[in-house]
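J.: mmCIF, C-alpha atoms, pLDDT in the B column; chains and numbers go by the auth columns, file query-v7.cif:
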```cif
data_run
#
loop_
_atom_site.group_PDB
_atom_site.id
_atom_site.type_symbol
_atom_site.label_atom_id
_atom_site.label_comp_id
_atom_site.label_asym_id
_atom_site.label_seq_id
_atom_site.Cartn_x
_atom_site.Cartn_y
_atom_site.Cartn_z
_atom_site.B_iso_or_equiv
_atom_site.auth_seq_id
_atom_site.auth_asym_id
ATOM 1 C CA MET A 1 -42.739 -40.940 19.267 68.00 1110 A
ATOM 2 C CA SER A 2 -44.930 -41.511 16.216 76.00 1111 A
ATOM 3 C CA TYR A 3 -46.258 -44.840 15.033 79.00 1112 A
ATOM 4 C CA ALA A 4 -47.450 -46.065 11.627 81.00 1113 A
ATOM 5 C CA GLY A 5 -49.470 -48.776 13.358 85.00 1114 A
ATOM 6 C CA ALA A 6 -49.378 -51.169 16.269 87.00 1115 A
ATOM 7 C CA ASN A 7 -45.737 -51.847 17.182 85.00 1116 A
ATOM 8 C CA LYS A 8 -44.529 -49.902 14.097 87.00 1117 A
ATOM 9 C CA PRO A 9 -42.570 -46.885 15.382 87.00 1118 A
ATOM 10 C CA LEU A 10 -41.424 -44.283 12.879 82.00 1119 A
ATOM 11 C CA ALA A 11 -37.929 -42.874 12.918 85.00 1120 A
ATOM 12 C CA PRO A 12 -37.911 -39.239 14.052 86.00 1121 A
ATOM 13 C CA ILE A 13 -37.052 -36.547 11.501 86.00 1122 A
ATOM 14 C CA ASP A 14 -34.934 -33.776 12.972 87.00 1123 A
ATOM 15 C CA ASP A 15 -33.942 -32.066 9.705 87.00 1124 A
ATOM 16 C CA PRO A 16 -36.401 -29.207 9.011 84.00 1125 A
ATOM 17 C CA TYR A 17 -35.783 -29.378 5.254 82.00 1126 A
ATOM 18 C CA GLN A 18 -36.552 -33.090 5.185 83.00 1127 A
ATOM 19 C CA MET A 19 -39.720 -32.595 7.253 81.00 1128 A
ATOM 20 C CA PHE A 20 -40.868 -29.720 5.050 77.00 1129 A
ATOM 21 C CA ASN A 21 -40.302 -31.838 1.934 78.00 1130 A
ATOM 22 C CA LYS A 22 -42.172 -34.746 3.509 76.00 1131 A
ATOM 23 C CA LEU A 23 -45.142 -32.536 4.385 74.00 1132 A
ATOM 24 C CA TYR A 24 -45.219 -30.169 1.434 70.00 1133 A
ATOM 25 C CA GLY A 25 -42.638 -31.318 -1.104 68.00 1134 A
ATOM 26 C CA ARG A 26 -44.653 -32.653 -3.996 61.00 1135 A
ATOM 27 C CA ALA A 27 -48.133 -32.015 -2.658 54.00 1136 A
ATOM 28 C CA LYS A 28 -48.113 -28.333 -3.597 54.00 1137 A
ATOM 29 C CA ASP A 29 -46.544 -26.003 -6.069 55.00 1138 A
ATOM 30 C CA ARG A 30 -43.693 -24.537 -4.021 56.00 1139 A
ATOM 31 C CA GLU A 31 -44.043 -21.126 -5.642 56.00 1140 A
ATOM 32 C CA ASN A 32 -47.625 -20.873 -4.356 57.00 1141 A
ATOM 33 C CA LEU A 33 -46.723 -22.006 -0.850 57.00 1142 A
ATOM 34 C CA LYS A 34 -45.358 -19.044 1.044 68.00 1143 A
ATOM 35 C CA SER A 35 -45.406 -20.595 4.517 76.00 1144 A
ATOM 36 C CA VAL A 36 -46.348 -23.806 6.292 75.00 1145 A
ATOM 37 C CA LEU A 37 -48.712 -21.534 8.222 82.00 1146 A
ATOM 38 C CA ASP A 38 -50.722 -20.876 5.037 79.00 1147 A
ATOM 39 C CA ASP A 39 -52.586 -24.149 5.536 79.00 1148 A
ATOM 40 C CA LEU A 40 -53.231 -23.317 9.190 85.00 1149 A
ATOM 41 C CA LYS A 41 -54.404 -19.715 8.832 85.00 1150 A
ATOM 42 C CA ASP A 42 -58.131 -20.495 9.128 88.00 1151 A
ATOM 43 C CA ASP A 43 -57.577 -22.871 12.052 91.00 1152 A
ATOM 44 C CA LEU A 44 -55.404 -20.350 13.883 89.00 1153 A
ATOM 45 C CA ASN A 45 -58.026 -17.633 13.396 89.00 1154 A
ATOM 46 C CA ARG A 46 -60.800 -19.913 14.639 92.00 1155 A
ATOM 47 C CA VAL A 47 -58.841 -21.044 17.688 92.00 1156 A
ATOM 48 C CA GLY A 48 -57.678 -17.484 18.352 90.00 1157 A
ATOM 49 C CA GLY A 49 -61.309 -16.410 18.665 91.00 1158 A
ATOM 50 C CA ALA A 50 -62.090 -19.174 21.142 94.00 1159 A
ATOM 51 C CA VAL A 51 -59.260 -18.712 23.638 94.00 1160 A
ATOM 52 C CA SER A 52 -58.306 -16.061 26.149 95.00 1161 A
ATOM 53 C CA ALA A 53 -56.426 -12.930 25.105 94.00 1162 A
ATOM 54 C CA ALA A 54 -53.239 -14.292 26.686 95.00 1163 A
ATOM 55 C CA ASP A 55 -53.518 -17.573 24.763 94.00 1164 A
ATOM 56 C CA LYS A 56 -54.279 -15.698 21.535 94.00 1165 A
ATOM 57 C CA ARG A 57 -51.126 -13.633 22.087 94.00 1166 A
ATOM 58 C CA LEU A 58 -49.136 -16.874 22.568 94.00 1167 A
ATOM 59 C CA LEU A 59 -50.535 -18.267 19.312 92.00 1168 A
ATOM 60 C CA GLU A 60 -49.542 -15.088 17.500 93.00 1169 A
ATOM 61 C CA GLU A 61 -46.053 -15.194 19.025 94.00 1170 A
ATOM 62 C CA HIS A 62 -45.588 -18.827 17.970 92.00 1171 A
ATOM 63 C CA ALA A 63 -46.787 -18.053 14.436 91.00 1172 A
ATOM 64 C CA ALA A 64 -44.347 -15.121 14.247 92.00 1173 A
ATOM 65 C CA PHE A 65 -41.555 -17.414 15.477 92.00 1174 A
ATOM 66 C CA VAL A 66 -42.373 -20.009 12.789 88.00 1175 A
ATOM 67 C CA ARG A 67 -42.377 -17.323 10.102 88.00 1176 A
ATOM 68 C CA GLU A 68 -38.997 -16.051 11.333 90.00 1177 A
ATOM 69 C CA MET A 69 -37.583 -19.603 11.228 88.00 1178 A
ATOM 70 C CA GLU A 70 -38.885 -20.007 7.662 85.00 1179 A
ATOM 71 C CA LYS A 71 -37.210 -16.738 6.688 87.00 1180 A
ATOM 72 C CA ASP A 72 -33.925 -17.878 8.242 87.00 1181 A
ATOM 73 C CA LEU A 73 -34.128 -21.264 6.506 81.00 1182 A
ATOM 74 C CA LYS A 74 -34.744 -19.597 3.134 81.00 1183 A
ATOM 75 C CA GLU A 75 -31.777 -17.285 3.665 84.00 1184 A
ATOM 76 C CA GLN A 76 -29.558 -20.223 4.642 83.00 1185 A
ATOM 77 C CA ALA A 77 -30.701 -22.218 1.608 76.00 1186 A
ATOM 78 C CA ALA A 78 -30.007 -19.253 -0.678 77.00 1187 A
ATOM 79 C CA ALA A 79 -26.560 -18.769 0.867 81.00 1188 A
ATOM 80 C CA ALA A 80 -25.790 -22.493 0.492 77.00 1189 A
ATOM 81 C CA ALA A 81 -26.880 -22.421 -3.144 72.00 1190 A
ATOM 82 C CA THR A 82 -24.622 -19.452 -3.948 74.00 1191 A
ATOM 83 C CA PRO A 83 -21.262 -20.642 -5.257 69.00 1192 A
ATOM 84 C CA CYS A 84 -18.224 -19.499 -3.292 65.00 1193 A
ATOM 85 C CA ARG A 85 -15.948 -17.005 -5.015 61.00 1194 A
ATOM 86 C CA ASN A 86 -12.281 -17.104 -4.194 57.00 1195 A
#
```
Let's see the structure in the file written out as structure tokens.

T.:
Amino acid sequence: MSYAGANKPLAPIDDPYQMFNKLYGRAKDRENLKSVLDDLKDDLNRVGGAVSAADKRLLEEHAAFVREMEKDLKEQAAAAATPCRN
């Protein structure tokens, strides 16, 4: 649960498109933003150098999973934007 302040809970966002727009919607030029991981690249590299090889592998696996989800979401958005032909 997230809070905006004392006794001010925020409603959860379970729609990935809505969350992406909230985090990155107008803050960046969408054409320049390839991945939500772009902003985290330096942090992931720094943390990857400070953890064990097994933990570094887990970080890399999670990053690959996020990239795959982004790819799937883009494909779904493109398919949804394509008009149906009868």

J.: Report the distance between CA of Phe1129 in chain A and CA of Arg1155 in chain A in Å, rounded to one decimal place.

T.: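 CA of Phe1129 in chain A sits 24.2 Å away from CA of Arg1155 in chain A.
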
J.: Any chance you could work out the residue set of the PyMOL selection byres ((chain A and resi 1110-1126) around 10) here, as a PyMOL selection string?

T.: chain A and resi 1127-1132+1134+1178-1179+1182+1186

J.: Could you work out how far CA of Leu1146 in chain A lies from CA of Lys1180 in chain A, giving the answer in Å with one decimal?

T.: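 That distance, rounded to one decimal, is 12.6 Å.
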
J.: If you measure from CA of Ala1187 in chain A to CA of Val1175 in chain A, what distance in Å do you get, rounded to one decimal?

T.: 18.3 Å

J.: Return as a ChimeraX atom specification the set of residues that the PyMOL selection byres ((chain A and resi 1166-1173) around 12) yields on the displayed structure.

T.: /A:1144-1147,1149-1150,1152-1165,1174-1180
